[in-house]
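Pasted below: work.cif, mmCIF, C-alpha atoms.
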data_protein
#
loop_
_atom_site.label_atom_id
_atom_site.label_comp_id
_atom_site.auth_asym_id
_atom_site.auth_seq_id
_atom_site.Cartn_x
_atom_site.Cartn_y
_atom_site.Cartn_z
CA MET A 6 33.18 106.05 48.63
CA ALA A 7 34.81 103.90 51.28
CA ASN A 8 33.04 102.97 54.52
CA ARG A 9 35.40 105.08 56.62
CA GLU A 10 34.65 108.12 54.45
CA ALA A 11 30.91 107.55 54.85
CA LEU A 12 31.40 107.69 58.65
CA LYS A 13 32.43 111.33 58.38
CA LEU A 14 29.09 112.32 56.81
CA SER A 15 26.00 113.58 58.62
CA GLN A 16 23.07 111.15 58.94
CA PRO A 17 21.18 112.63 55.95
CA GLU A 18 24.38 112.49 53.88
CA GLN A 19 25.01 108.88 54.91
CA ASP A 20 21.43 107.99 54.03
CA ALA A 21 21.84 109.54 50.58
CA HIS A 22 25.17 107.76 50.07
CA TRP A 23 23.86 104.30 50.91
CA MET A 24 20.60 104.78 49.02
CA GLN A 25 22.60 105.73 45.94
CA HIS A 26 24.47 102.43 46.33
CA ALA A 27 21.17 100.55 46.70
CA LEU A 28 19.91 102.17 43.49
CA MET A 29 23.09 101.05 41.71
CA LEU A 30 22.43 97.49 42.88
CA ALA A 31 18.80 97.66 41.71
CA GLU A 32 20.05 98.66 38.26
CA LYS A 33 21.67 95.20 37.96
CA GLY A 34 18.21 93.64 37.75
CA ARG A 35 16.71 96.18 35.38
CA TYR A 36 16.67 93.84 32.37
CA SER A 37 16.01 90.51 34.06
CA THR A 38 13.31 90.99 36.70
CA ARG A 39 10.22 91.55 34.56
CA PRO A 40 7.39 91.52 35.39
CA ASN A 41 8.75 92.19 38.90
CA PRO A 42 10.32 95.55 39.78
CA ALA A 43 14.08 95.98 40.04
CA VAL A 44 15.06 96.45 43.70
CA GLY A 45 18.34 96.91 45.56
CA CYS A 46 19.13 96.67 49.28
CA VAL A 47 22.12 97.58 51.47
CA ILE A 48 22.53 96.69 55.16
CA VAL A 49 24.68 99.15 57.10
CA LYS A 50 25.87 98.94 60.73
CA ASP A 51 27.93 101.58 62.50
CA GLY A 52 28.60 103.26 59.17
CA HIS A 53 29.90 100.07 57.54
CA GLN A 54 28.22 97.98 54.88
CA VAL A 55 27.58 94.44 56.13
CA GLY A 56 25.30 93.14 53.39
CA GLU A 57 23.94 93.93 49.95
CA GLY A 58 21.69 92.36 47.35
CA TRP A 59 19.37 92.91 44.41
CA HIS A 60 16.41 91.07 42.94
CA PRO A 61 17.76 89.15 39.92
CA LYS A 62 14.68 87.45 38.50
CA ALA A 63 10.97 86.82 39.16
CA GLY A 64 10.55 83.78 41.39
CA GLU A 65 13.97 84.17 43.00
CA PRO A 66 14.58 85.78 46.42
CA HIS A 67 14.12 89.52 46.73
CA ALA A 68 16.91 92.03 47.33
CA GLU A 69 16.37 92.15 51.10
CA VAL A 70 16.82 88.38 51.43
CA PHE A 71 20.20 88.39 49.67
CA ALA A 72 21.39 91.37 51.74
CA LEU A 73 20.25 89.80 55.03
CA ARG A 74 21.91 86.48 54.18
CA GLN A 75 25.18 88.31 53.62
CA ALA A 76 24.84 90.35 56.80
CA GLY A 77 23.91 87.42 59.06
CA GLU A 78 23.91 88.36 62.75
CA LEU A 79 25.36 91.78 61.92
CA ALA A 80 21.91 92.79 60.65
CA ARG A 81 20.66 93.09 64.24
CA GLY A 82 20.51 96.79 65.11
CA ALA A 83 21.53 97.78 61.57
CA THR A 84 19.92 100.08 59.00
CA ALA A 85 18.50 98.64 55.79
CA TYR A 86 18.39 100.84 52.69
CA VAL A 87 15.82 99.55 50.18
CA THR A 88 14.82 101.12 46.86
CA LEU A 89 11.17 99.93 47.15
CA GLU A 90 8.93 99.27 50.14
CA PRO A 91 9.46 95.66 51.33
CA CYS A 92 6.64 93.31 50.37
CA SER A 93 4.21 92.32 53.09
CA HIS A 94 2.34 89.47 51.37
CA PHE A 95 3.09 85.89 50.38
CA GLY A 96 3.67 85.58 46.64
CA LYS A 97 6.29 83.28 45.11
CA THR A 98 8.49 84.27 48.06
CA PRO A 99 7.75 85.08 51.75
CA PRO A 100 7.24 88.72 52.87
CA CYS A 101 10.46 90.73 53.02
CA ALA A 102 9.03 92.99 55.73
CA ASP A 103 8.82 89.93 58.00
CA ALA A 104 12.42 88.98 57.13
CA LEU A 105 13.66 92.43 58.16
CA VAL A 106 11.71 92.21 61.43
CA ALA A 107 13.06 88.74 62.16
CA ALA A 108 16.63 89.88 61.45
CA GLY A 109 16.31 92.61 64.08
CA VAL A 110 17.13 95.67 61.98
CA SER A 111 16.43 98.88 63.87
CA ARG A 112 15.90 101.27 60.97
CA VAL A 113 14.72 101.02 57.37
CA VAL A 114 15.22 103.78 54.80
CA LEU A 115 13.05 103.51 51.67
CA ALA A 116 13.34 105.24 48.33
CA MET A 117 9.61 104.93 47.64
CA GLN A 118 6.38 103.25 48.63
CA ASP A 119 5.30 100.24 46.59
CA PRO A 120 2.43 101.14 44.18
CA ASN A 121 1.22 97.52 44.24
CA PRO A 122 -2.15 97.57 46.08
CA LYS A 123 -1.19 94.29 47.78
CA VAL A 124 1.73 96.04 49.44
CA SER A 125 1.25 99.80 49.33
CA GLY A 126 1.85 101.02 52.87
CA ARG A 127 1.38 97.61 54.47
CA GLY A 128 5.10 96.85 54.49
CA ILE A 129 5.77 100.14 56.25
CA VAL A 130 3.05 99.45 58.83
CA ARG A 131 4.48 95.96 59.45
CA LEU A 132 7.94 97.42 60.13
CA GLN A 133 6.65 100.23 62.34
CA SER A 134 4.46 97.88 64.35
CA ALA A 135 7.63 95.93 65.22
CA GLY A 136 9.25 99.10 66.54
CA ILE A 137 11.44 99.72 63.50
CA GLU A 138 12.05 103.33 62.49
CA VAL A 139 11.04 103.92 58.86
CA VAL A 140 12.23 106.79 56.65
CA ASN A 141 10.40 107.01 53.32
CA ASN A 142 10.75 108.86 49.99
CA LEU A 143 14.51 109.25 49.81
CA MET A 144 15.49 109.59 46.13
CA ALA A 145 11.99 108.54 45.06
CA ASP A 146 12.36 110.13 41.61
CA GLN A 147 15.50 108.14 40.85
CA ALA A 148 13.91 104.94 42.12
CA SER A 149 10.75 105.42 40.05
CA VAL A 150 12.76 105.71 36.81
CA LEU A 151 13.98 102.13 37.34
CA ASN A 152 10.45 100.72 37.33
CA GLN A 153 8.32 102.98 35.16
CA GLY A 154 6.32 100.14 33.63
CA PHE A 155 5.62 98.39 36.93
CA ILE A 156 4.58 101.65 38.58
CA LYS A 157 2.31 102.75 35.74
CA PHE A 158 0.55 99.39 35.58
CA MET A 159 -0.04 99.27 39.32
CA GLN A 160 -1.49 102.77 39.23
CA THR A 161 -3.47 102.66 35.97
CA GLN A 162 -3.57 99.02 34.76
CA LYS A 163 -1.85 100.20 31.58
CA PRO A 164 1.72 99.57 30.37
CA PHE A 165 4.46 102.17 29.95
CA VAL A 166 4.93 102.74 26.21
CA ARG A 167 8.16 103.85 24.57
CA LEU A 168 8.30 104.80 20.90
CA LYS A 169 11.65 104.28 19.16
CA LEU A 170 12.37 106.26 16.02
CA ALA A 171 15.52 106.54 13.90
CA SER A 172 16.03 109.13 11.20
CA SER A 173 18.36 111.49 9.44
CA VAL A 174 18.72 115.06 10.69
CA ASP A 175 15.98 116.14 8.26
CA GLY A 176 13.58 113.57 9.70
CA ARG A 177 13.69 110.88 7.02
CA THR A 178 13.56 107.17 7.82
CA ALA A 179 14.23 105.81 4.33
CA MET A 180 14.94 106.94 0.80
CA ALA A 181 12.03 107.35 -1.60
CA SER A 182 12.93 103.92 -3.00
CA GLY A 183 12.46 102.38 0.45
CA GLU A 184 16.19 101.85 1.05
CA SER A 185 16.87 102.29 4.77
CA LEU A 186 19.87 100.11 5.74
CA TRP A 187 21.51 101.61 7.64
CA ILE A 188 20.58 105.12 8.76
CA THR A 189 22.36 104.94 12.11
CA GLY A 190 25.70 103.37 12.97
CA ASP A 191 26.72 100.25 14.86
CA ALA A 192 26.83 101.91 18.29
CA ALA A 193 23.31 103.32 17.97
CA ARG A 194 21.94 100.00 16.76
CA GLN A 195 23.51 98.23 19.74
CA GLU A 196 21.83 100.78 22.01
CA VAL A 197 18.50 99.93 20.35
CA HIS A 198 19.05 96.24 21.10
CA LYS A 199 19.69 97.10 24.76
CA LEU A 200 16.51 99.16 24.70
CA ARG A 201 14.60 96.20 23.25
CA ALA A 202 15.89 93.99 26.05
CA ARG A 203 14.21 96.25 28.63
CA HIS A 204 10.76 95.52 27.22
CA GLY A 205 8.35 92.64 27.51
CA ALA A 206 6.98 93.26 24.01
CA ILE A 207 7.83 95.10 20.79
CA ILE A 208 4.99 96.26 18.54
CA THR A 209 5.22 96.78 14.79
CA GLY A 210 2.76 96.93 11.93
CA ILE A 211 2.25 94.46 9.12
CA GLY A 212 3.41 97.13 6.66
CA THR A 213 6.87 97.09 8.23
CA VAL A 214 6.97 93.28 8.10
CA LEU A 215 6.04 93.26 4.40
CA ALA A 216 8.49 96.05 3.52
CA ASP A 217 11.51 95.18 5.66
CA ASP A 218 11.11 91.59 6.93
CA PRO A 219 12.50 92.58 10.38
CA SER A 220 13.83 90.16 13.00
CA MET A 221 12.47 92.12 16.01
CA ASN A 222 14.77 90.33 18.43
CA VAL A 223 17.72 91.18 20.68
CA ARG A 224 21.14 90.68 19.11
CA LEU A 225 23.85 91.35 21.67
CA PRO A 226 27.10 89.54 22.55
CA ASP A 227 26.87 86.79 25.18
CA ALA A 228 29.14 88.69 27.58
CA MET A 229 26.97 91.79 27.41
CA LEU A 230 23.79 89.74 27.96
CA ALA A 231 25.40 88.07 30.97
CA ASP A 232 26.16 91.48 32.48
CA MET A 233 22.47 92.32 31.98
CA GLY A 234 21.37 89.12 33.73
CA LEU A 235 20.13 87.63 30.44
CA ASP A 236 21.08 84.93 27.96
CA GLN A 237 20.37 84.20 24.31
CA ALA A 238 17.33 82.08 25.13
CA LEU A 239 15.58 84.50 27.47
CA CYS A 240 16.43 87.97 26.18
CA HIS A 241 13.80 88.38 23.46
CA PRO A 242 10.62 90.43 23.97
CA ILE A 243 7.34 89.15 22.58
CA ARG A 244 7.06 90.22 18.94
CA VAL A 245 3.65 91.79 18.33
CA VAL A 246 2.51 92.43 14.76
CA LEU A 247 -0.62 94.51 14.15
CA ASP A 248 -2.17 92.65 11.23
CA PRO A 249 -5.90 93.43 10.84
CA ASN A 250 -6.29 91.39 7.62
CA LEU A 251 -3.87 88.52 8.39
CA SER A 252 -1.34 89.39 5.70
CA MET A 253 1.59 87.85 7.58
CA PRO A 254 3.92 85.96 5.21
CA LEU A 255 4.52 82.39 6.35
CA GLU A 256 8.17 82.77 5.35
CA ALA A 257 8.76 85.92 7.45
CA LYS A 258 12.22 85.91 9.03
CA MET A 259 10.99 86.40 12.59
CA LEU A 260 9.06 83.12 12.50
CA SER A 261 12.30 81.13 12.36
CA LEU A 262 13.88 82.95 15.31
CA PRO A 263 13.70 82.19 19.04
CA GLY A 264 10.91 83.90 20.95
CA ARG A 265 7.17 84.33 20.64
CA THR A 266 5.28 86.09 17.85
CA LEU A 267 1.75 87.40 18.42
CA LEU A 268 -0.45 88.51 15.55
CA MET A 269 -3.06 91.01 16.68
CA THR A 270 -6.00 91.00 14.30
CA ALA A 271 -9.73 91.69 14.06
CA PRO A 272 -12.29 89.11 15.34
CA GLN A 273 -14.10 89.06 11.99
CA THR A 274 -10.86 88.31 10.16
CA VAL A 275 -10.28 85.25 12.33
CA GLU A 276 -13.83 84.04 11.72
CA ASN A 277 -13.51 84.42 7.94
CA SER A 278 -10.01 82.97 7.52
CA THR A 279 -10.06 79.48 9.03
CA SER A 280 -7.53 77.86 6.70
CA LEU A 281 -5.13 80.80 6.93
CA VAL A 282 -5.39 80.82 10.71
CA GLU A 283 -4.53 77.12 10.79
CA ALA A 284 -1.48 77.72 8.56
CA LEU A 285 -0.26 80.55 10.78
CA LEU A 286 -0.76 78.52 13.95
CA ALA A 287 1.21 75.68 12.39
CA LYS A 288 4.16 78.10 12.04
CA GLY A 289 4.07 78.74 15.78
CA ILE A 290 2.34 82.11 15.55
CA GLU A 291 -0.11 83.03 18.28
CA ILE A 292 -3.21 84.86 17.05
CA VAL A 293 -5.09 87.29 19.28
CA ALA A 294 -8.32 88.99 18.24
CA VAL A 295 -8.78 92.50 19.62
CA GLN A 296 -11.38 95.18 19.09
CA ALA A 297 -11.27 96.75 15.65
CA GLN A 298 -13.11 99.22 13.46
CA GLU A 299 -12.84 98.56 9.74
CA ASP A 300 -9.11 98.12 9.02
CA ARG A 301 -7.90 99.70 12.25
CA LEU A 302 -7.22 97.77 15.42
CA ASP A 303 -8.08 99.44 18.71
CA LEU A 304 -4.66 100.32 20.08
CA GLU A 305 -5.81 100.57 23.68
CA SER A 306 -7.15 97.01 23.42
CA VAL A 307 -3.75 95.87 22.13
CA LEU A 308 -1.98 97.43 25.11
CA ASP A 309 -4.58 96.18 27.59
CA TYR A 310 -4.14 92.61 26.36
CA LEU A 311 -0.37 92.77 26.71
CA ALA A 312 -0.50 94.23 30.21
CA LYS A 313 -3.30 92.15 31.70
CA GLU A 314 -2.93 88.84 29.88
CA GLU A 315 0.83 88.73 29.28
CA GLN A 316 2.05 90.76 32.29
CA VAL A 317 3.95 93.05 29.95
CA TYR A 318 4.37 96.39 31.71
CA ASP A 319 6.95 97.93 29.35
CA VAL A 320 6.06 98.07 25.64
CA MET A 321 8.23 99.36 22.82
CA ILE A 322 6.87 100.50 19.47
CA GLU A 323 9.28 100.03 16.58
CA SER A 324 7.22 100.53 13.47
CA GLY A 325 6.59 102.57 10.36
CA ALA A 326 5.38 106.14 10.29
CA SER A 327 1.65 105.32 10.21
CA VAL A 328 1.54 102.98 13.22
CA ALA A 329 3.90 105.21 15.20
CA GLY A 330 1.76 108.25 14.39
CA ALA A 331 -1.42 106.43 15.38
CA PHE A 332 -0.05 105.64 18.85
CA VAL A 333 1.09 109.25 19.28
CA GLU A 334 -2.25 110.64 18.06
CA ALA A 335 -4.11 108.42 20.53
CA GLY A 336 -2.02 109.75 23.41
CA LEU A 337 -0.71 106.29 24.26
CA VAL A 338 3.04 106.99 24.14
CA ASP A 339 4.81 107.89 27.38
CA GLU A 340 8.35 108.31 26.12
CA LEU A 341 10.01 108.93 22.76
CA HIS A 342 13.49 107.60 21.99
CA TRP A 343 14.76 109.28 18.83
CA PHE A 344 18.06 108.23 17.27
CA VAL A 345 19.31 110.87 14.84
CA ALA A 346 22.05 110.23 12.28
CA PRO A 347 24.20 113.08 10.91
CA HIS A 348 22.85 112.80 7.36
CA LEU A 349 20.47 114.67 5.06
CA MET A 350 18.27 112.39 2.95
CA GLY A 351 16.15 114.91 1.05
CA HIS A 352 12.48 115.85 0.96
CA LYS A 353 11.44 112.80 -1.06
CA GLY A 354 12.52 110.39 1.66
CA LYS A 355 10.00 108.67 3.93
CA PRO A 356 8.83 110.79 6.88
CA LEU A 357 9.38 110.08 10.56
CA LEU A 358 5.71 110.12 11.57
CA VAL A 359 2.30 110.33 9.93
CA LEU A 360 0.12 112.57 12.09
CA PRO A 361 -3.17 114.40 11.54
CA GLN A 362 -2.92 117.87 10.12
CA ILE A 363 -1.94 120.38 12.78
CA ASN A 364 -3.53 123.72 11.96
CA SER A 365 -2.37 126.01 14.75
CA MET A 366 0.40 126.44 17.29
CA ALA A 367 -2.13 125.65 20.02
CA GLU A 368 -2.47 122.13 18.58
CA ARG A 369 1.22 121.35 18.75
CA ILE A 370 2.22 118.12 20.44
CA SER A 371 4.40 119.12 23.38
CA LEU A 372 7.42 117.09 24.39
CA LYS A 373 9.60 117.47 27.46
CA PRO A 374 13.32 116.76 26.98
CA GLN A 375 14.65 114.11 29.36
CA SER A 376 18.15 113.41 28.09
CA VAL A 377 20.46 113.56 25.10
CA SER A 378 23.60 111.53 24.52
CA GLN A 379 26.01 110.87 21.69
CA VAL A 380 26.14 107.23 20.59
CA GLY A 381 28.98 106.73 18.16
CA ASP A 382 28.41 109.33 15.43
CA ASP A 383 24.67 109.49 16.17
CA TRP A 384 22.52 111.15 18.83
CA HIS A 385 19.97 109.63 21.19
CA PHE A 386 17.24 112.01 22.33
CA VAL A 387 14.73 111.01 25.00
CA PHE A 388 11.49 112.98 25.42
CA SER A 389 8.40 112.50 27.54
CA PHE A 390 4.99 113.60 26.30
CA VAL A 391 3.29 116.56 27.98
CA GLY A 392 -0.34 115.59 28.58
CA ASN A 393 -2.00 112.40 27.47
CA ASP A 394 -4.75 112.18 24.88
CA ILE A 395 -3.68 114.73 22.29
CA SER A 396 -6.61 113.74 20.05
CA GLU A 397 -8.88 115.63 22.46
CA ASN A 398 -7.28 118.88 21.24
CA ARG A 399 -8.30 118.30 17.64
CA GLU A 400 -11.63 118.64 15.88
#

As structure tokens, please, write out the structure in this file.
Amino acid sequence: MANREALKLSQPEQDAHWMQHALMLAEKGRYSTRPNPAVGCVIVKDGHQVGEGWHPKAGEPHAEVFALRQAGELARGATAYVTLEPCSHFGKTPPCADALVAAGVSRVVLAMQDPNPKVSGRGIVRLQSAGIEVVNNLMADQASVLNQGFIKFMQTQKPFVRLKLASSVDGRTAMASGESLWITGDAARQEVHKLRARHGAIITGIGTVLADDPSMNVRLPDAMLADMGLDQALCHPIRVVLDPNLSMPLEAKMLSLPGRTLLMTAPQTVENSTSLVEALLAKGIEIVAVQAQEDRLDLESVLDYLAKEEQVYDVMIESGASVAGAFVEAGLVDELHWFVAPHLMGHKGKPLLVLPQINSMAERISLKPQSVSQVGDDWHFVFSFVGNDISENRE
């Protein structure tokens, strides 16, 4: 919509129009800002846009700074539309709330309050104390979708977890022989690589490594990565392999690829496997001991380590049926991304998930549909989980 068309709208309609544009700008940083949130900003004066910006990468200026630089003196008396409450503390960059005050804006419209305890509400107070009118919670739901991991961590100290599955229509992930290349088509696989690029870490199990020797990296064309604010060197999430007994092959494909590989294992295994640990470390693998019981790693400890020690707020699980089922059973998955190919692979094929026996309708695991889209010849379903710890509903 052109500026002159926006002038014909009422104030609430103008606010919605410019906030929608700010959200579009924030989307440009969705892949590149981690662990920071993606934020967009538009400066508008007399119904005309005079500045815009988005946060491209952690350590670089925030969205408000870019927009104010573009606006210059025209920012005085203008309205700033920002998708997240301006920061009010000194981090790697100065407070954006102070920059808006110094620029002389008269009004700030926010999509949502910042969940970060260092900011939450303080940026708004700073603006209001300078006599700036503040409107909050405009399109908050749309803004929160951009930064689900950041928001969840700030509120709970836990990462946002997405489970990716791919299967035939009858829910099979491989033939009985183990053959699985390829269930879905090129377009769906490219969508999976884009999904990987949104995450700070991808988790799989050692069984998948031994069976499939996966790369667990992002393979997208340079031009597409550039549009996402990424490049071949910096696009790869941390590869996390759940390996309680340190069975990782030293010749695994992923060990020769760019990016980090973490092996999560049990403390006792590390203590009893000195020579093997040394060999793995020599291959560039990082070994992390987490809580474990017998052969099972504590999945909450895995996620806690990634969030608190690695600042990974968005985690993707791309594993076999047992590991995927264990995360679902523990109530640790927030969102399910299911890619379905238009094939039937028969009852002897490998199942989508391994879950505990469900004995009654009351024990069903409830999912809430979020979206569905066709990707090439395949389908991409997105569900959220209703409720958290589903294991509490079972004996």

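Once the PyMOL selection byres ((chain A and resi 387-389) around 6) is applied to this file, the selection holds Asp339, Glu340, Leu341, His342, Leu372, Lys373, Pro374, Gln375, Ser376, Phe386 and Phe390 of chain A.
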
Resolved residues for the PyMOL selection byres ((chain A and resi 162) around 12) as a PyMOL selection string | chain A and resi 120-122+154-161+163-165+305+308-314+316-319

Tell me, as a ChimeraX atom specification, which residues lie within 10 Å of Ala68 (chain A), counting only C-alpha atoms; anything in the same chain fewer than 2 positions away does not count.
-> /A:27,30-31,34,43-47,57-61,65-66,70-73,87-89,91,101

For the atom pair CA of Thr38 (chain A) and CA of Met117 (chain A), what is the interatomic distance in Å to one decimal place?
-> 18.1 Å

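What separates CA of Val307 (chain A) from CA of Met269 (chain A) is a distance of 7.3 Å.
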
Expressed in Å, the length from CA of Arg369 (chain A) to CA of Arg301 (chain A) is 24.4 Å

What are the nearest atom pairs, with distances in Å to one decimal, for all residues of region 13-71 of chain A that come at most 7 Å from region 214-237 of chain A, using only C-alpha atoms, set out by chain and rising residue number as a Markdown table?
| residue | atom | partner | partner_atom | distance |
| --- | --- | --- | --- | --- |
| A:Lys33 | CA | A:Met233 | CA | 6.7 |
| A:Gly34 | CA | A:Gly234 | CA | 6.8 |
| A:Tyr36 | CA | A:Met233 | CA | 6.0 |
| A:Ser37 | CA | A:Gly234 | CA | 5.5 |

Quick one: everything within 9 Å of Ala85 (chain A), counting all atoms listed in the file, minus sequence neighbours fewer than 2 positions away in the same chain. Send it as a PyMOL selection string.
-> chain A and resi 46-50+69+72+80+83+87+105+110-115

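Distance check against Val166 (chain A) using all atoms listed in the file: of A:Phe332, A:Trp23, A:Tyr86, A:Trp187, the minimum falls on A:Phe332.
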
Please evaluate the PyMOL selection byres ((chain A and resi 343) around 12) against the displayed coordinates and give the resulting residues as a ChimeraX atom specification.
-> /A:167-174,176-178,189,193-194,196-197,200,322-323,340-342,344-346,357-358,374-380,383-389

Output C-alpha atoms of each residue in that selection to a file, as a short mmCIF file (atom, residue, chain, number, x, y, z; two decimals), in the coordinates of the input.
data_model
loop_
_atom_site.label_atom_id
_atom_site.label_comp_id
_atom_site.auth_asym_id
_atom_site.auth_seq_id
_atom_site.Cartn_x
_atom_site.Cartn_y
_atom_site.Cartn_z
CA ARG A 167 8.16 103.85 24.57
CA LEU A 168 8.30 104.80 20.90
CA LYS A 169 11.65 104.28 19.16
CA LEU A 170 12.37 106.26 16.02
CA ALA A 171 15.52 106.54 13.90
CA SER A 172 16.03 109.13 11.20
CA SER A 173 18.36 111.49 9.44
CA VAL A 174 18.72 115.06 10.69
CA GLY A 176 13.58 113.57 9.70
CA ARG A 177 13.69 110.88 7.02
CA THR A 178 13.56 107.17 7.82
CA THR A 189 22.36 104.94 12.11
CA ALA A 193 23.31 103.32 17.97
CA ARG A 194 21.94 100.00 16.76
CA GLU A 196 21.83 100.78 22.01
CA VAL A 197 18.50 99.93 20.35
CA LEU A 200 16.51 99.16 24.70
CA ILE A 322 6.87 100.50 19.47
CA GLU A 323 9.28 100.03 16.58
CA GLU A 340 8.35 108.31 26.12
CA LEU A 341 10.01 108.93 22.76
CA HIS A 342 13.49 107.60 21.99
CA PHE A 344 18.06 108.23 17.27
CA VAL A 345 19.31 110.87 14.84
CA ALA A 346 22.05 110.23 12.28
CA LEU A 357 9.38 110.08 10.56
CA LEU A 358 5.71 110.12 11.57
CA PRO A 374 13.32 116.76 26.98
CA GLN A 375 14.65 114.11 29.36
CA SER A 376 18.15 113.41 28.09
CA VAL A 377 20.46 113.56 25.10
CA SER A 378 23.60 111.53 24.52
CA GLN A 379 26.01 110.87 21.69
CA VAL A 380 26.14 107.23 20.59
CA ASP A 383 24.67 109.49 16.17
CA TRP A 384 22.52 111.15 18.83
CA HIS A 385 19.97 109.63 21.19
CA PHE A 386 17.24 112.01 22.33
CA VAL A 387 14.73 111.01 25.00
CA PHE A 388 11.49 112.98 25.42
CA SER A 389 8.40 112.50 27.54
#

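In terms of minimum interatomic distance to Thr209 (chain A), A:Leu268 ranks closest within A:Gly82, A:Gln25, A:Leu239, A:Leu268, counting only C-alpha atoms.
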